[in-house]
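One file, coords.txt, is given below (compact mmCIF, N, CA, C and O atoms).
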# COMPACT_ATOMS: atom_id res chain seq x y z
N MET Q 19 -15.86 -9.51 1.59
CA MET Q 19 -14.71 -9.72 2.44
C MET Q 19 -13.65 -10.54 1.70
O MET Q 19 -12.48 -10.25 1.80
N LEU Q 20 -14.09 -11.57 1.00
CA LEU Q 20 -13.16 -12.39 0.25
C LEU Q 20 -12.48 -11.56 -0.84
O LEU Q 20 -11.30 -11.74 -1.12
N GLY Q 21 -13.23 -10.62 -1.41
CA GLY Q 21 -12.66 -9.75 -2.44
C GLY Q 21 -11.51 -8.92 -1.91
O GLY Q 21 -10.53 -8.68 -2.61
N VAL Q 22 -11.62 -8.49 -0.65
CA VAL Q 22 -10.54 -7.71 -0.03
C VAL Q 22 -9.29 -8.57 0.09
O VAL Q 22 -8.19 -8.13 -0.20
N PHE Q 23 -9.49 -9.82 0.53
CA PHE Q 23 -8.35 -10.73 0.66
C PHE Q 23 -7.68 -10.98 -0.67
O PHE Q 23 -6.46 -10.94 -0.79
N ILE Q 24 -8.49 -11.23 -1.68
CA ILE Q 24 -7.95 -11.50 -3.01
C ILE Q 24 -7.22 -10.28 -3.54
O ILE Q 24 -6.12 -10.40 -4.09
N SER Q 25 -7.81 -9.11 -3.36
CA SER Q 25 -7.14 -7.88 -3.81
C SER Q 25 -5.80 -7.68 -3.12
O SER Q 25 -4.81 -7.34 -3.75
N ALA Q 26 -5.79 -7.91 -1.80
CA ALA Q 26 -4.54 -7.76 -1.05
C ALA Q 26 -3.51 -8.76 -1.51
O ALA Q 26 -2.32 -8.43 -1.64
N LEU Q 27 -3.92 -9.98 -1.78
CA LEU Q 27 -2.98 -10.99 -2.26
C LEU Q 27 -2.44 -10.65 -3.65
O LEU Q 27 -1.26 -10.86 -3.92
N VAL Q 28 -3.30 -10.10 -4.50
CA VAL Q 28 -2.84 -9.68 -5.83
C VAL Q 28 -1.81 -8.58 -5.69
O VAL Q 28 -0.76 -8.61 -6.35
N ILE Q 29 -2.06 -7.62 -4.82
CA ILE Q 29 -1.10 -6.55 -4.58
C ILE Q 29 0.22 -7.14 -4.09
O ILE Q 29 1.30 -6.75 -4.53
N LEU Q 30 0.12 -8.08 -3.17
CA LEU Q 30 1.31 -8.74 -2.63
C LEU Q 30 2.09 -9.45 -3.73
O LEU Q 30 3.32 -9.31 -3.83
N ILE Q 31 1.41 -10.21 -4.56
CA ILE Q 31 2.07 -10.96 -5.64
C ILE Q 31 2.70 -10.00 -6.64
O ILE Q 31 3.85 -10.20 -7.06
N LEU Q 32 1.98 -8.97 -7.02
CA LEU Q 32 2.54 -7.99 -7.96
C LEU Q 32 3.77 -7.31 -7.37
O LEU Q 32 4.75 -7.09 -8.07
N GLY Q 33 3.72 -7.02 -6.09
CA GLY Q 33 4.87 -6.41 -5.44
C GLY Q 33 6.08 -7.31 -5.46
O GLY Q 33 7.21 -6.85 -5.58
N ALA Q 34 5.86 -8.61 -5.33
CA ALA Q 34 6.96 -9.56 -5.36
C ALA Q 34 7.50 -9.74 -6.78
O ALA Q 34 8.69 -9.99 -6.97
N LEU Q 35 6.63 -9.62 -7.77
CA LEU Q 35 7.04 -9.82 -9.15
C LEU Q 35 7.72 -8.60 -9.76
O LEU Q 35 8.57 -8.74 -10.63
N ILE Q 36 7.34 -7.46 -9.31
CA ILE Q 36 7.94 -6.23 -9.85
C ILE Q 36 9.28 -6.04 -9.15
O ILE Q 36 9.34 -5.81 -7.95
N PRO Q 37 10.36 -6.16 -9.88
CA PRO Q 37 11.68 -6.16 -9.24
C PRO Q 37 12.05 -4.83 -8.57
O PRO Q 37 12.80 -4.83 -7.61
N ALA Q 38 11.50 -3.75 -9.07
CA ALA Q 38 11.89 -2.47 -8.52
C ALA Q 38 10.76 -1.86 -7.72
O ALA Q 38 9.87 -1.23 -8.26
N LEU Q 39 10.80 -2.06 -6.42
CA LEU Q 39 9.91 -1.29 -5.55
C LEU Q 39 10.72 -0.04 -5.21
O LEU Q 39 11.00 0.26 -4.07
N ALA Q 40 11.08 0.65 -6.27
CA ALA Q 40 12.07 1.72 -6.21
C ALA Q 40 11.55 2.95 -5.49
O ALA Q 40 10.38 3.09 -5.20
N ASP Q 41 12.49 3.83 -5.22
CA ASP Q 41 12.18 5.08 -4.53
C ASP Q 41 11.30 6.01 -5.37
O ASP Q 41 10.70 6.92 -4.83
N ASP Q 42 11.21 5.78 -6.67
CA ASP Q 42 10.43 6.65 -7.52
C ASP Q 42 8.94 6.28 -7.52
O ASP Q 42 8.15 6.94 -8.17
N ARG Q 43 8.58 5.27 -6.74
CA ARG Q 43 7.16 4.90 -6.63
C ARG Q 43 6.42 5.98 -5.86
O ARG Q 43 6.95 6.60 -4.94
N PRO Q 44 5.16 6.19 -6.19
CA PRO Q 44 4.39 7.19 -5.45
C PRO Q 44 4.24 6.78 -3.99
O PRO Q 44 4.16 5.61 -3.67
N ASN Q 45 4.20 7.75 -3.14
CA ASN Q 45 4.09 7.52 -1.70
C ASN Q 45 2.60 7.58 -1.31
O ASN Q 45 2.18 8.46 -0.58
N THR Q 46 1.83 6.62 -1.81
CA THR Q 46 0.39 6.60 -1.56
C THR Q 46 0.05 5.58 -0.49
O THR Q 46 0.89 4.76 -0.10
N TYR Q 47 -1.20 5.61 -0.04
CA TYR Q 47 -1.68 4.64 0.94
C TYR Q 47 -1.42 3.22 0.43
O TYR Q 47 -0.90 2.38 1.15
N GLY Q 48 -1.80 2.97 -0.82
CA GLY Q 48 -1.65 1.63 -1.39
C GLY Q 48 -0.21 1.17 -1.45
O GLY Q 48 0.09 0.01 -1.14
N SER Q 49 0.69 2.04 -1.85
CA SER Q 49 2.10 1.64 -1.95
C SER Q 49 2.70 1.43 -0.56
O SER Q 49 3.51 0.51 -0.36
N LYS Q 50 2.29 2.24 0.41
CA LYS Q 50 2.78 2.06 1.78
C LYS Q 50 2.25 0.76 2.37
O LYS Q 50 2.98 0.02 3.02
N LEU Q 51 0.96 0.48 2.13
CA LEU Q 51 0.36 -0.75 2.63
C LEU Q 51 1.03 -1.96 2.00
O LEU Q 51 1.37 -2.93 2.69
N GLU Q 52 1.24 -1.91 0.70
CA GLU Q 52 1.89 -3.02 0.00
C GLU Q 52 3.28 -3.28 0.58
O GLU Q 52 3.65 -4.43 0.85
N GLU Q 53 4.05 -2.23 0.77
CA GLU Q 53 5.39 -2.38 1.33
C GLU Q 53 5.34 -2.99 2.73
O GLU Q 53 6.12 -3.87 3.07
N TYR Q 54 4.39 -2.54 3.55
CA TYR Q 54 4.23 -3.05 4.92
C TYR Q 54 3.90 -4.55 4.89
O TYR Q 54 4.49 -5.34 5.62
N ILE Q 55 2.97 -4.93 4.02
CA ILE Q 55 2.57 -6.34 3.93
C ILE Q 55 3.72 -7.20 3.45
O ILE Q 55 4.03 -8.23 4.04
N VAL Q 56 4.39 -6.78 2.39
CA VAL Q 56 5.50 -7.56 1.84
C VAL Q 56 6.62 -7.70 2.87
O VAL Q 56 7.20 -8.78 3.03
N ARG Q 57 6.90 -6.63 3.59
CA ARG Q 57 7.96 -6.64 4.60
C ARG Q 57 7.70 -7.67 5.70
O ARG Q 57 8.63 -8.23 6.28
N HIS Q 58 6.42 -7.93 6.00
CA HIS Q 58 6.06 -8.85 7.08
C HIS Q 58 5.81 -10.28 6.61
O HIS Q 58 5.42 -11.13 7.39
N ASP Q 59 6.04 -10.56 5.33
CA ASP Q 59 6.02 -11.91 4.77
C ASP Q 59 4.80 -12.74 5.17
O ASP Q 59 4.94 -13.76 5.85
N PRO Q 60 3.60 -12.33 4.75
CA PRO Q 60 2.40 -13.08 5.13
C PRO Q 60 2.38 -14.47 4.49
O PRO Q 60 2.91 -14.66 3.40
N LYS Q 61 1.77 -15.42 5.19
CA LYS Q 61 1.71 -16.79 4.70
C LYS Q 61 0.34 -17.15 4.14
O LYS Q 61 0.21 -18.14 3.44
N ASN Q 62 -0.70 -16.36 4.48
CA ASN Q 62 -2.05 -16.66 4.00
C ASN Q 62 -2.89 -15.39 4.03
O ASN Q 62 -2.43 -14.34 4.45
N ALA Q 63 -4.15 -15.56 3.59
CA ALA Q 63 -5.04 -14.40 3.51
C ALA Q 63 -5.32 -13.80 4.89
O ALA Q 63 -5.49 -12.59 5.03
N GLY Q 64 -5.36 -14.65 5.91
CA GLY Q 64 -5.57 -14.16 7.26
C GLY Q 64 -4.45 -13.23 7.70
O GLY Q 64 -4.69 -12.22 8.38
N ASP Q 65 -3.22 -13.57 7.33
CA ASP Q 65 -2.08 -12.71 7.65
C ASP Q 65 -2.22 -11.35 6.95
O ASP Q 65 -1.93 -10.31 7.54
N VAL Q 66 -2.67 -11.38 5.70
CA VAL Q 66 -2.83 -10.13 4.95
C VAL Q 66 -3.89 -9.26 5.61
O VAL Q 66 -3.70 -8.05 5.78
N GLU Q 67 -4.99 -9.87 6.04
CA GLU Q 67 -6.04 -9.11 6.71
C GLU Q 67 -5.52 -8.50 8.01
O GLU Q 67 -5.74 -7.33 8.30
N ARG Q 68 -4.82 -9.31 8.81
CA ARG Q 68 -4.26 -8.83 10.09
C ARG Q 68 -3.28 -7.69 9.85
O ARG Q 68 -3.32 -6.66 10.54
N LEU Q 69 -2.40 -7.86 8.88
CA LEU Q 69 -1.40 -6.83 8.59
C LEU Q 69 -2.07 -5.54 8.10
O LEU Q 69 -1.61 -4.44 8.43
N THR Q 70 -3.14 -5.67 7.33
CA THR Q 70 -3.86 -4.49 6.86
C THR Q 70 -4.46 -3.74 8.04
O THR Q 70 -4.36 -2.51 8.12
N ARG Q 71 -5.06 -4.47 8.98
CA ARG Q 71 -5.63 -3.83 10.18
C ARG Q 71 -4.52 -3.18 11.00
O ARG Q 71 -4.68 -2.05 11.50
N GLU Q 72 -3.40 -3.88 11.17
CA GLU Q 72 -2.28 -3.32 11.93
C GLU Q 72 -1.78 -2.03 11.28
O GLU Q 72 -1.52 -1.04 11.96
N PHE Q 73 -1.64 -2.07 9.97
CA PHE Q 73 -1.16 -0.90 9.23
C PHE Q 73 -2.09 0.28 9.44
O PHE Q 73 -1.64 1.39 9.74
N ASP Q 74 -3.40 0.02 9.28
CA ASP Q 74 -4.37 1.10 9.44
C ASP Q 74 -4.33 1.68 10.85
O ASP Q 74 -4.38 2.89 11.04
N GLN Q 75 -4.22 0.80 11.84
CA GLN Q 75 -4.16 1.26 13.23
C GLN Q 75 -2.90 2.08 13.48
O GLN Q 75 -2.96 3.15 14.09
N LYS Q 76 -1.77 1.62 12.99
CA LYS Q 76 -0.51 2.35 13.19
C LYS Q 76 -0.54 3.68 12.45
O LYS Q 76 -0.01 4.68 12.94
N GLN Q 77 -1.17 3.69 11.28
CA GLN Q 77 -1.26 4.93 10.52
C GLN Q 77 -2.13 5.95 11.26
O GLN Q 77 -1.80 7.13 11.31
N LYS Q 78 -3.23 5.49 11.86
CA LYS Q 78 -4.09 6.39 12.63
C LYS Q 78 -3.37 6.94 13.85
O LYS Q 78 -3.60 8.07 14.27
N GLN Q 79 -2.49 6.12 14.44
CA GLN Q 79 -1.72 6.55 15.62
C GLN Q 79 -0.54 7.44 15.24
O GLN Q 79 0.12 8.00 16.10
N GLY Q 80 -0.27 7.53 13.94
CA GLY Q 80 0.84 8.35 13.48
C GLY Q 80 2.19 7.67 13.55
O GLY Q 80 3.22 8.31 13.40
N VAL Q 81 2.18 6.35 13.77
CA VAL Q 81 3.44 5.61 13.86
C VAL Q 81 4.02 5.39 12.47
O VAL Q 81 5.23 5.37 12.30
N ILE Q 82 3.16 5.24 11.48
CA ILE Q 82 3.61 5.02 10.09
C ILE Q 82 3.40 6.30 9.32
O ILE Q 82 2.39 6.91 9.37
Could I get this file's structure written as structure tokens?
Amino acid sequence: MLGVFISALVILILGALIPALADDRPNTYGSKLEEYIVRHDPKNAGDVERLTREFDQKQKQGVI
């Protein structure tokens, strides 16, 4: 479980460091999740976990 949090935080940090989250990025689950998490400005690992669950739920509902 901790590994998931760390992985999500690494994705978040890399997304913030890479200046171009440009349109030419692949439209994959990971890139969509990263964009969703970064857009919601998480403050801790708990936020990242919650946002990941929200994203998955919205994706299943077809909202995302």
Handout entry: Between CA of Leu20 in chain Q and CA of Gly80 in chain Q - distance in Å to one decimal
Key = 28.3 Å
Practice task
Could you please determine the separation between CA of Lys76 in chain Q and CA of Gly64 in chain Q in Å, to one decimal place?
Solution key: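 Distance between the two atoms: 18.3 Å.
Nearest residue to Gly48 in chain Q, choosing from Q:Leu69, Q:Met19, Q:Ala63, Q:Ile29 and counting all atoms listed in the file: Q:Ile29.
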Problem - Separation of CA of Gly21 in chain Q from CA of Val81 in chain Q in Å - result: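 CA of Gly21 in chain Q lies at a distance of 27.6 Å from CA of Val81 in chain Q.
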May I have the protein, DNA and RNA residues with an atom at most 8 Å from (-0.4, -8.2, 3.9), counting all atoms listed in the file in the file's coordinates, returned as an mmCIF file with N, CA, C and O atoms, in the frame of the given file?
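What follows is the written file selection20.cif:
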data_model
loop_
_atom_site.group_PDB
_atom_site.id
_atom_site.type_symbol
_atom_site.label_atom_id
_atom_site.label_comp_id
_atom_site.auth_asym_id
_atom_site.auth_seq_id
_atom_site.Cartn_x
_atom_site.Cartn_y
_atom_site.Cartn_z
ATOM 1 N N ALA Q 26 -5.790 -7.910 -1.800
ATOM 2 C CA ALA Q 26 -4.540 -7.760 -1.050
ATOM 3 C C ALA Q 26 -3.510 -8.760 -1.510
ATOM 4 O O ALA Q 26 -2.320 -8.430 -1.640
ATOM 5 N N LEU Q 27 -3.920 -9.980 -1.780
ATOM 6 C CA LEU Q 27 -2.980 -10.990 -2.260
ATOM 7 C C LEU Q 27 -2.440 -10.650 -3.650
ATOM 8 O O LEU Q 27 -1.260 -10.860 -3.920
ATOM 9 N N LEU Q 30 0.120 -8.080 -3.170
ATOM 10 C CA LEU Q 30 1.310 -8.740 -2.630
ATOM 11 C C LEU Q 30 2.090 -9.450 -3.730
ATOM 12 O O LEU Q 30 3.320 -9.310 -3.830
ATOM 13 N N LEU Q 51 0.960 0.480 2.130
ATOM 14 C CA LEU Q 51 0.360 -0.750 2.630
ATOM 15 C C LEU Q 51 1.030 -1.960 2.000
ATOM 16 O O LEU Q 51 1.370 -2.930 2.690
ATOM 17 N N GLU Q 52 1.240 -1.910 0.700
ATOM 18 C CA GLU Q 52 1.890 -3.020 0.000
ATOM 19 C C GLU Q 52 3.280 -3.280 0.580
ATOM 20 O O GLU Q 52 3.650 -4.430 0.850
ATOM 21 N N GLU Q 53 4.050 -2.230 0.770
ATOM 22 C CA GLU Q 53 5.390 -2.380 1.330
ATOM 23 C C GLU Q 53 5.340 -2.990 2.730
ATOM 24 O O GLU Q 53 6.120 -3.870 3.070
ATOM 25 N N TYR Q 54 4.390 -2.540 3.550
ATOM 26 C CA TYR Q 54 4.230 -3.050 4.920
ATOM 27 C C TYR Q 54 3.900 -4.550 4.890
ATOM 28 O O TYR Q 54 4.490 -5.340 5.620
ATOM 29 N N ILE Q 55 2.970 -4.930 4.020
ATOM 30 C CA ILE Q 55 2.570 -6.340 3.930
ATOM 31 C C ILE Q 55 3.720 -7.200 3.450
ATOM 32 O O ILE Q 55 4.030 -8.230 4.040
ATOM 33 N N VAL Q 56 4.390 -6.780 2.390
ATOM 34 C CA VAL Q 56 5.500 -7.560 1.840
ATOM 35 C C VAL Q 56 6.620 -7.700 2.870
ATOM 36 O O VAL Q 56 7.200 -8.780 3.030
ATOM 37 N N ARG Q 57 6.900 -6.630 3.590
ATOM 38 C CA ARG Q 57 7.960 -6.640 4.600
ATOM 39 C C ARG Q 57 7.700 -7.670 5.700
ATOM 40 O O ARG Q 57 8.630 -8.230 6.280
ATOM 41 N N HIS Q 58 6.420 -7.930 6.000
ATOM 42 C CA HIS Q 58 6.060 -8.850 7.080
ATOM 43 C C HIS Q 58 5.810 -10.280 6.610
ATOM 44 O O HIS Q 58 5.420 -11.130 7.390
ATOM 45 N N ASP Q 59 6.040 -10.560 5.330
ATOM 46 C CA ASP Q 59 6.020 -11.910 4.770
ATOM 47 C C ASP Q 59 4.800 -12.740 5.170
ATOM 48 O O ASP Q 59 4.940 -13.760 5.850
ATOM 49 N N PRO Q 60 3.600 -12.330 4.750
ATOM 50 C CA PRO Q 60 2.400 -13.080 5.130
ATOM 51 C C PRO Q 60 2.380 -14.470 4.490
ATOM 52 O O PRO Q 60 2.910 -14.660 3.400
ATOM 53 N N LYS Q 61 1.770 -15.420 5.190
ATOM 54 C CA LYS Q 61 1.710 -16.790 4.700
ATOM 55 C C LYS Q 61 0.340 -17.150 4.140
ATOM 56 O O LYS Q 61 0.210 -18.140 3.440
ATOM 57 N N ASN Q 62 -0.700 -16.360 4.480
ATOM 58 C CA ASN Q 62 -2.050 -16.660 4.000
ATOM 59 C C ASN Q 62 -2.890 -15.390 4.030
ATOM 60 O O ASN Q 62 -2.430 -14.340 4.450
ATOM 61 N N ALA Q 63 -4.150 -15.560 3.590
ATOM 62 C CA ALA Q 63 -5.040 -14.400 3.510
ATOM 63 C C ALA Q 63 -5.320 -13.800 4.890
ATOM 64 O O ALA Q 63 -5.490 -12.590 5.030
ATOM 65 N N GLY Q 64 -5.360 -14.650 5.910
ATOM 66 C CA GLY Q 64 -5.570 -14.160 7.260
ATOM 67 C C GLY Q 64 -4.450 -13.230 7.700
ATOM 68 O O GLY Q 64 -4.690 -12.220 8.380
ATOM 69 N N ASP Q 65 -3.220 -13.570 7.330
ATOM 70 C CA ASP Q 65 -2.080 -12.710 7.650
ATOM 71 C C ASP Q 65 -2.220 -11.350 6.950
ATOM 72 O O ASP Q 65 -1.930 -10.310 7.540
ATOM 73 N N VAL Q 66 -2.670 -11.380 5.700
ATOM 74 C CA VAL Q 66 -2.830 -10.130 4.950
ATOM 75 C C VAL Q 66 -3.890 -9.260 5.610
ATOM 76 O O VAL Q 66 -3.700 -8.050 5.780
ATOM 77 N N GLU Q 67 -4.990 -9.870 6.040
ATOM 78 C CA GLU Q 67 -6.040 -9.110 6.710
ATOM 79 C C GLU Q 67 -5.520 -8.500 8.010
ATOM 80 O O GLU Q 67 -5.740 -7.330 8.300
ATOM 81 N N ARG Q 68 -4.820 -9.310 8.810
ATOM 82 C CA ARG Q 68 -4.260 -8.830 10.090
ATOM 83 C C ARG Q 68 -3.280 -7.690 9.850
ATOM 84 O O ARG Q 68 -3.320 -6.660 10.540
ATOM 85 N N LEU Q 69 -2.400 -7.860 8.880
ATOM 86 C CA LEU Q 69 -1.400 -6.830 8.590
ATOM 87 C C LEU Q 69 -2.070 -5.540 8.100
ATOM 88 O O LEU Q 69 -1.610 -4.440 8.430
ATOM 89 N N THR Q 70 -3.140 -5.670 7.330
ATOM 90 C CA THR Q 70 -3.860 -4.490 6.860
ATOM 91 C C THR Q 70 -4.460 -3.740 8.040
ATOM 92 O O THR Q 70 -4.360 -2.510 8.120
ATOM 93 N N ARG Q 71 -5.060 -4.470 8.980
ATOM 94 C CA ARG Q 71 -5.630 -3.830 10.180
ATOM 95 C C ARG Q 71 -4.520 -3.180 11.000
ATOM 96 O O ARG Q 71 -4.680 -2.050 11.500
#
